[in-house]
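Below you'll find the structure, written out as structure tokens, and then a few comments.
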Amino acid sequence: MIRSALAALFAFIVSTAFAEETKWIPLFNGKDLTGWTIKIAKRPLGENFANTFRVEDGILKVSYDGYEKFDQQYGHLFTNLAYSHYILRMEYRFTGTMMADAPKYVNLNSGVMLHSQPPQSMRFDQGFPSSLEMQFLADEGKGPRPTGNLCTPGTHVEMEGQLFTKHIAKSNSPTFPAEEWVRAEMEVRGHDVIIHRINGVEVLRYEHPVLDPSCTIAPASDITAAGGDVKLGYGHIALQAEGQPVWFRKIELMSLEK
């Protein structure tokens, strides 16, 4: 009887763990860019200029070996679908050196955009979509430099009940070496709350994101002028390419929709 009970308990634990794992949906198939749309500033929608975004050995890589110069050609790789309530997880790793003519802040810098405007709505030369960026940074050897920060192109959020209008909100994450794989996770609950986690630990949380029509970094005024809702409760997910080579893998989403 004891053996039967233990066997049943073990089977329950295994089946529960399997059911939990099967809730995760891969957004990146490890083979190609199916399910994603490219938009690079100063390039037509869908053009993968100089093979910026490529898949090699099951890894999604942002590369600049085909560029003569960066020339502010900020790029993003957008999911074809928009999402509202979900948990997104992935791993990232920096490699190589930034483009020489890119701004200094680009060094060992990338990120993932949440609640992003669709790529079809971006201007031809627009560098960043209106969105909420979970910023990825790595150690430059100049002292602590947290990763998992929030950047707000074309947006504002609330933090601790107060409207936050600065462009960057720093997380409490430690610093990691550039060549190290880092696990990033975002829990997104529509307009209510968004939580950033690094290697399984919460490092930042904010609430009630809205568009900022006065922002010059990402012209959210285009969206509001077209009748778009200022309140952000959903949007596309986009991986960033802003002049620094970076790798992504294990990009998965778990829906939290009711």
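How things are named: the first chain in the structure tokens is A, the next is B, and so on; residues count from 1 in each chain; ligands count from 1 in the order shown.
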
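If you count only C-alpha atoms and ignore residues fewer than 6 places along the chain from segment 131-148 of chain A, what sits within 8 Å of it is Phe94, Leu108, Asn109, Ser110, Gly111, Val112, Met113, Leu114, His115, Ser116, Gln117, Gly154, Thr155, Lys170, Ser171, Asn172, Ser173, Pro174, Thr175, Phe176, Pro177, Ala178, Ala184, His196, Arg197, Ile198, Val203 and Leu204 of chain A.
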
Identify all residues of segment 18-255 of chain A in strand (DSSP E) (DSSP on the backbone) and supply them as a VMD selection string. chain A and resid 24 to 26 36 to 40 53 to 56 59 to 62 75 to 83 85 to 94 109 to 116 132 to 137 149 to 151 155 to 159 162 to 164 168 to 169 182 to 189 193 to 198 201 to 211 235 to 241 246 to 255

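Restricting the calculation to only C-alpha atoms, the smallest distance between Met99 of chain A and any of A:Asp32, A:Glu207, A:Glu187, A:Glu68 is found for A:Glu68.
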
Residue set, segment 62-225 of chain A restricted to helix (DSSP H, G or I), as a ChimeraX atom specification: /A:104-106,119-121,221-225

Grab the residues selected above and save them as a CSV table (one decimal), in the first residue's frame with all heavy atoms.
chain,number,residue,atom,x,y,z
A,104,LYS,N,27.9,56.0,-27.5
A,104,LYS,CA,28.6,55.3,-26.5
A,104,LYS,C,27.7,54.4,-25.6
A,104,LYS,O,28.2,53.3,-25.1
A,104,LYS,CB,29.4,56.2,-25.6
A,104,LYS,CG,30.5,56.9,-26.3
A,104,LYS,CD,31.3,57.9,-25.4
A,104,LYS,CE,32.5,58.5,-26.2
A,104,LYS,NZ,33.2,59.5,-25.3
A,105,TYR,N,26.5,54.8,-25.4
A,105,TYR,CA,25.6,54.1,-24.5
A,105,TYR,C,25.2,52.7,-25.0
A,105,TYR,O,24.8,51.8,-24.3
A,105,TYR,CB,24.3,54.8,-24.2
A,105,TYR,CG,23.4,55.0,-25.3
A,105,TYR,CD1,22.5,53.9,-25.6
A,105,TYR,CD2,23.3,56.1,-26.1
A,105,TYR,CE1,21.6,54.0,-26.7
A,105,TYR,CE2,22.4,56.2,-27.1
A,105,TYR,CZ,21.6,55.2,-27.4
A,105,TYR,OH,20.7,55.3,-28.5
A,106,VAL,N,25.5,52.5,-26.3
A,106,VAL,CA,25.2,51.2,-27.0
A,106,VAL,C,26.1,50.1,-26.5
A,106,VAL,O,25.7,48.9,-26.7
A,106,VAL,CB,25.3,51.4,-28.5
A,106,VAL,CG1,25.3,50.1,-29.3
A,106,VAL,CG2,24.1,52.3,-29.0
A,119,PRO,N,5.2,47.1,-36.0
A,119,PRO,CA,6.2,47.7,-36.9
A,119,PRO,C,5.6,48.4,-38.1
A,119,PRO,O,6.2,49.3,-38.6
A,119,PRO,CB,7.0,46.4,-37.3
A,119,PRO,CG,6.1,45.3,-37.1
A,119,PRO,CD,5.3,45.7,-35.9
A,120,GLN,N,4.4,48.0,-38.5
A,120,GLN,CA,3.8,48.6,-39.6
A,120,GLN,C,3.4,50.1,-39.4
A,120,GLN,O,3.2,50.8,-40.3
A,120,GLN,CB,2.5,47.8,-40.0
A,120,GLN,CG,2.7,46.4,-40.5
A,120,GLN,CD,2.9,45.4,-39.4
A,120,GLN,OE1,2.9,45.8,-38.2
A,120,GLN,NE2,3.0,44.2,-39.8
A,121,SER,N,3.4,50.5,-38.1
A,121,SER,CA,3.0,51.8,-37.8
A,121,SER,C,4.2,52.8,-37.6
A,121,SER,O,4.0,54.0,-37.3
A,121,SER,CB,2.1,51.8,-36.5
A,121,SER,OG,2.9,51.5,-35.4
A,221,SER,N,2.9,60.4,-30.6
A,221,SER,CA,1.9,61.3,-31.1
A,221,SER,C,1.3,60.8,-32.4
A,221,SER,O,0.1,61.0,-32.6
A,221,SER,CB,2.6,62.7,-31.4
A,221,SER,OG,3.6,62.5,-32.3
A,222,ASP,N,2.0,60.0,-33.2
A,222,ASP,CA,1.4,59.4,-34.4
A,222,ASP,C,0.2,58.5,-34.0
A,222,ASP,O,-0.8,58.4,-34.6
A,222,ASP,CB,2.4,58.6,-35.1
A,222,ASP,CG,3.5,59.4,-35.8
A,222,ASP,OD1,3.4,60.7,-35.7
A,222,ASP,OD2,4.4,58.9,-36.4
A,223,ILE,N,0.4,57.7,-32.9
A,223,ILE,CA,-0.6,56.7,-32.5
A,223,ILE,C,-1.8,57.5,-31.9
A,223,ILE,O,-2.9,57.1,-32.2
A,223,ILE,CB,0.0,55.8,-31.4
A,223,ILE,CG1,1.3,55.1,-32.0
A,223,ILE,CG2,-1.0,54.8,-30.9
A,223,ILE,CD1,2.0,54.3,-31.0
A,224,THR,N,-1.6,58.4,-31.0
A,224,THR,CA,-2.7,59.1,-30.4
A,224,THR,C,-3.4,60.0,-31.4
A,224,THR,O,-4.7,60.1,-31.3
A,224,THR,CB,-2.2,60.0,-29.2
A,224,THR,OG1,-1.2,60.9,-29.7
A,224,THR,CG2,-1.6,59.2,-28.1
A,225,ALA,N,-2.7,60.5,-32.4
A,225,ALA,CA,-3.4,61.3,-33.4
A,225,ALA,C,-4.3,60.5,-34.3
A,225,ALA,O,-5.3,60.9,-34.8
A,225,ALA,CB,-2.4,62.0,-34.3

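If you measure from each of A:Phe49, A:Tyr67, A:Tyr92, A:Tyr74 to Ala241 of chain A using only C-alpha atoms, the closest one turns out to be A:Tyr74.
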
For segment 162-168 of chain A, please output as a PDB file with C-alpha atoms, in the first residue's frame all residues within 8 Å (counting only C-alpha atoms; exclusion window: fewer than 2 positions along the same chain).
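This went into result_25.pdb:
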ATOM      1  CA  ASN A 149      16.355  48.250 -16.166  1.00  0.00           C
ATOM      2  CA  LEU A 150      13.307  49.980 -17.656  1.00  0.00           C
ATOM      3  CA  CYS A 151      13.592  52.390 -20.594  1.00  0.00           C
ATOM      4  CA  THR A 152      10.505  54.292 -21.730  1.00  0.00           C
ATOM      5  CA  PRO A 153      10.572  55.362 -25.401  1.00  0.00           C
ATOM      6  CA  HIS A 156       5.418  56.765 -18.920  1.00  0.00           C
ATOM      7  CA  VAL A 157       4.683  54.413 -16.012  1.00  0.00           C
ATOM      8  CA  GLU A 158       3.778  54.573 -12.336  1.00  0.00           C
ATOM      9  CA  MET A 159       6.188  53.427  -9.637  1.00  0.00           C
ATOM     10  CA  GLU A 160       5.111  53.232  -6.003  1.00  0.00           C
ATOM     11  CA  LYS A 170      17.351  51.313 -12.711  1.00  0.00           C
TER      12      LYS A 170
END

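Here atom CA of Arg249 of chain A is placed at a distance of 7.4 Å from atom CA of Gly58 of chain A.
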
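The shortest atom-to-atom distance to Gln72 of chain A, with only C-alpha atoms taken into account, belongs to A:Glu242 out of A:Glu202, A:Glu242, A:Glu179, A:Glu185.
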
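Ranking A:Asn29, A:Gln126, A:Asn199, A:Thr79 by their shortest atom-to-atom distance to Glu56 of chain A, with only C-alpha atoms included, puts A:Asn29 first.
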
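Atom pair atom CA of Gly46 of chain A / atom CA of Pro219 of chain A: separated by 20.4 Å.
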
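Between atom CA of Pro213 of chain A and atom CA of Val230 of chain A the interatomic distance comes to 8.5 Å.
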
Just want the 7 Å neighbourhood of Asp71 of chain A, counted on only C-alpha atoms, with same-chain residues fewer than 2 positions away dropped. Output as a list of chain:residue names. A:Lys69, A:Gln73, A:Asp101

Residues of the last selection are to be written out with all heavy atoms, as a short mmCIF file (atom, residue, chain, number, x, y, z; two decimals), in the first residue's frame.
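again.cif was written with the following content:
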data_model
loop_
_atom_site.label_atom_id
_atom_site.label_comp_id
_atom_site.auth_asym_id
_atom_site.auth_seq_id
_atom_site.Cartn_x
_atom_site.Cartn_y
_atom_site.Cartn_z
N LYS A 69 29.03 50.96 -41.77
CA LYS A 69 28.85 51.85 -40.63
C LYS A 69 27.43 51.69 -40.10
O LYS A 69 26.53 51.25 -40.84
CB LYS A 69 29.12 53.31 -40.99
CG LYS A 69 28.24 53.87 -42.09
CD LYS A 69 28.60 55.32 -42.37
CE LYS A 69 27.70 55.90 -43.48
NZ LYS A 69 28.01 57.33 -43.73
N GLN A 73 21.05 53.07 -37.69
CA GLN A 73 20.08 52.10 -38.21
C GLN A 73 19.65 51.14 -37.10
O GLN A 73 19.94 49.94 -37.13
CB GLN A 73 20.68 51.36 -39.40
CG GLN A 73 20.93 52.28 -40.59
CD GLN A 73 21.58 51.57 -41.76
OE1 GLN A 73 20.91 51.10 -42.68
NE2 GLN A 73 22.90 51.49 -41.74
N ASP A 101 30.64 53.82 -34.87
CA ASP A 101 29.94 55.10 -34.98
C ASP A 101 28.62 55.13 -34.22
O ASP A 101 27.86 56.08 -34.32
CB ASP A 101 29.71 55.47 -36.45
CG ASP A 101 28.76 54.49 -37.14
OD1 ASP A 101 28.89 53.27 -36.90
OD2 ASP A 101 27.90 54.94 -37.92
#

So that I can check the surroundings of Gly75 of chain A, please list as a CSV table (one decimal) with N, CA and C atoms, in the first residue's frame every protein, DNA and RNA residue that reaches within 9 Å of it, counting only C-alpha atoms and ignoring chain neighbours fewer than 5 positions away.
chain,number,residue,atom,x,y,z
A,38,ILE,N,10.7,42.1,-39.2
A,38,ILE,CA,11.9,43.0,-39.0
A,38,ILE,C,11.5,44.4,-39.4
A,39,LYS,N,12.0,45.4,-38.6
A,39,LYS,CA,11.9,46.8,-39.0
A,39,LYS,C,13.2,47.5,-38.5
A,40,ILE,N,14.0,47.9,-39.5
A,40,ILE,CA,15.3,48.6,-39.2
A,40,ILE,C,15.1,50.0,-39.7
A,41,ALA,N,15.6,51.0,-38.9
A,41,ALA,CA,15.4,52.4,-39.3
A,41,ALA,C,16.1,52.7,-40.6
A,52,THR,N,21.2,41.3,-40.5
A,52,THR,CA,21.4,41.8,-39.1
A,52,THR,C,20.8,40.7,-38.2
A,127,GLY,N,13.8,55.2,-35.0
A,127,GLY,CA,14.8,54.4,-34.3
A,127,GLY,C,14.2,53.4,-33.3
A,128,PHE,N,13.2,53.8,-32.6
A,128,PHE,CA,12.6,53.0,-31.5
A,128,PHE,C,11.1,53.0,-31.5
A,239,LEU,N,12.7,42.3,-30.1
A,239,LEU,CA,14.1,42.2,-29.7
A,239,LEU,C,14.9,43.3,-30.3
A,240,GLN,N,15.8,43.8,-29.6
A,240,GLN,CA,16.5,45.0,-30.0
A,240,GLN,C,17.8,44.8,-30.7
A,241,ALA,N,18.1,45.6,-31.7
A,241,ALA,CA,19.5,45.6,-32.4
A,241,ALA,C,19.9,47.1,-32.5
A,242,GLU,N,20.7,47.5,-31.6
A,242,GLU,CA,21.1,49.0,-31.6
A,242,GLU,C,22.6,49.2,-31.7
A,243,GLY,N,23.3,48.3,-32.4
A,243,GLY,CA,24.7,48.6,-32.7
A,243,GLY,C,25.7,47.7,-32.0
